[in-house]
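Novice: Just passing along the structure, written as structure tokens.
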Amino acid sequence: MLNILILGDELDKSAEWSFKKQEYNVSYVGGHAEVFDVLKLSPPDIFIVDLCVSSDERLELMCDIKTSYGDFIKMIAIIPERRSALPEEALVKAKKLSGNNPMKKPIRTRDVILAVQKALDSK
């Protein structure tokens, strides 16, 4: 069973149901301190980070995770629908950290599943 950890809003029920059907376990963290507690106990296969809130802090968190766990945790960034909501340098950094595979809000179930599959296939 693959584990997905999400820092951000909860997915809709159809996305969670689709992941469970494909034998993915989805869990959520509420803040930055909680992320490293979870990573130390049970590192996920995929870490999804919503950059629509406090993007600078979350990009820094993604850098820290990439440095410490980059060999075995794939990351996906969720970016705002409007590019102007995220500075260009932050967008470039998010793309680099997430393997050039960020998702834009609003998020559809199919998009999340495809992004996870693409991230896993990039190993």
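Please note that chains go A, B, ... in the order of the structure tokens, that every chain numbers its residues from 1, and that ligands are numbered from 1 in the order shown.
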Region 40-81 of chain A: which residues are alpha helix (DSSP H) by DSSP, as a PyMOL selection string?
Specialist: chain A and resi 40-41+55-69
Novice: Write to file, as a short mmCIF file (atom, residue, chain, number, x, y, z; two decimals), in the first residue's frame, the residues of the selection just made, with N, CA and C atoms.
Specialist:
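In the end it all went to selection.cif:
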data_model
loop_
_atom_site.label_atom_id
_atom_site.label_comp_id
_atom_site.auth_asym_id
_atom_site.auth_seq_id
_atom_site.Cartn_x
_atom_site.Cartn_y
_atom_site.Cartn_z
N LYS A 40 9.35 11.22 10.26
CA LYS A 40 10.25 10.39 11.06
C LYS A 40 9.62 9.04 11.39
N LEU A 41 8.33 9.02 11.64
CA LEU A 41 7.65 7.78 12.00
C LEU A 41 7.36 6.90 10.79
N SER A 55 2.99 30.39 0.94
CA SER A 55 3.83 29.70 -0.04
C SER A 55 5.32 29.74 0.30
N ASP A 56 5.82 30.85 0.86
CA ASP A 56 7.25 30.93 1.18
C ASP A 56 7.64 29.88 2.22
N GLU A 57 6.84 29.77 3.27
CA GLU A 57 7.12 28.78 4.31
C GLU A 57 7.03 27.36 3.76
N ARG A 58 6.05 27.12 2.93
CA ARG A 58 5.86 25.77 2.40
C ARG A 58 6.93 25.41 1.37
N LEU A 59 7.40 26.38 0.61
CA LEU A 59 8.51 26.12 -0.31
C LEU A 59 9.78 25.78 0.48
N GLU A 60 9.98 26.49 1.56
CA GLU A 60 11.14 26.19 2.43
C GLU A 60 11.02 24.78 3.00
N LEU A 61 9.83 24.42 3.41
CA LEU A 61 9.58 23.07 3.91
C LEU A 61 9.87 22.03 2.84
N MET A 62 9.43 22.29 1.62
CA MET A 62 9.70 21.36 0.51
C MET A 62 11.20 21.21 0.29
N CYS A 63 11.95 22.31 0.39
CA CYS A 63 13.42 22.26 0.24
C CYS A 63 14.04 21.40 1.33
N ASP A 64 13.58 21.58 2.56
CA ASP A 64 14.10 20.78 3.68
C ASP A 64 13.82 19.30 3.48
N ILE A 65 12.62 18.99 3.03
CA ILE A 65 12.25 17.59 2.80
C ILE A 65 13.07 17.01 1.65
N LYS A 66 13.25 17.78 0.59
CA LYS A 66 14.04 17.33 -0.56
C LYS A 66 15.47 17.03 -0.13
N THR A 67 16.02 17.86 0.74
CA THR A 67 17.39 17.67 1.22
C THR A 67 17.50 16.40 2.06
N SER A 68 16.55 16.17 2.95
CA SER A 68 16.63 15.05 3.88
C SER A 68 16.04 13.75 3.35
N TYR A 69 14.99 13.85 2.56
CA TYR A 69 14.24 12.66 2.15
C TYR A 69 14.06 12.55 0.63
#
Novice: Tell me, as number ranges by chain, which residues lie within 10 Å of Ile4 (chain A), counting only C-alpha atoms; anything in the same chain fewer than 5 positions away does not count.
Specialist: A: 19, 24-28, 43-48, 73-75, 116
Novice: So, counting only C-alpha atoms, which residue among A:Val38, A:Glu23, A:Leu7, A:Ser14 is closest to Ser54 (chain A)?
Specialist: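 Comparing A:Val38, A:Glu23, A:Leu7, A:Ser14 against Ser54 (chain A), the winner is A:Leu7.
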Novice: Determine the nearest neighbour of Gly70 (chain A) from the options A:Gly31, A:Gly8, A:Gly99, A:Pro106, counting only C-alpha atoms.
Specialist: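 For Gly70 (chain A), the nearest of the given residues is A:Gly99.
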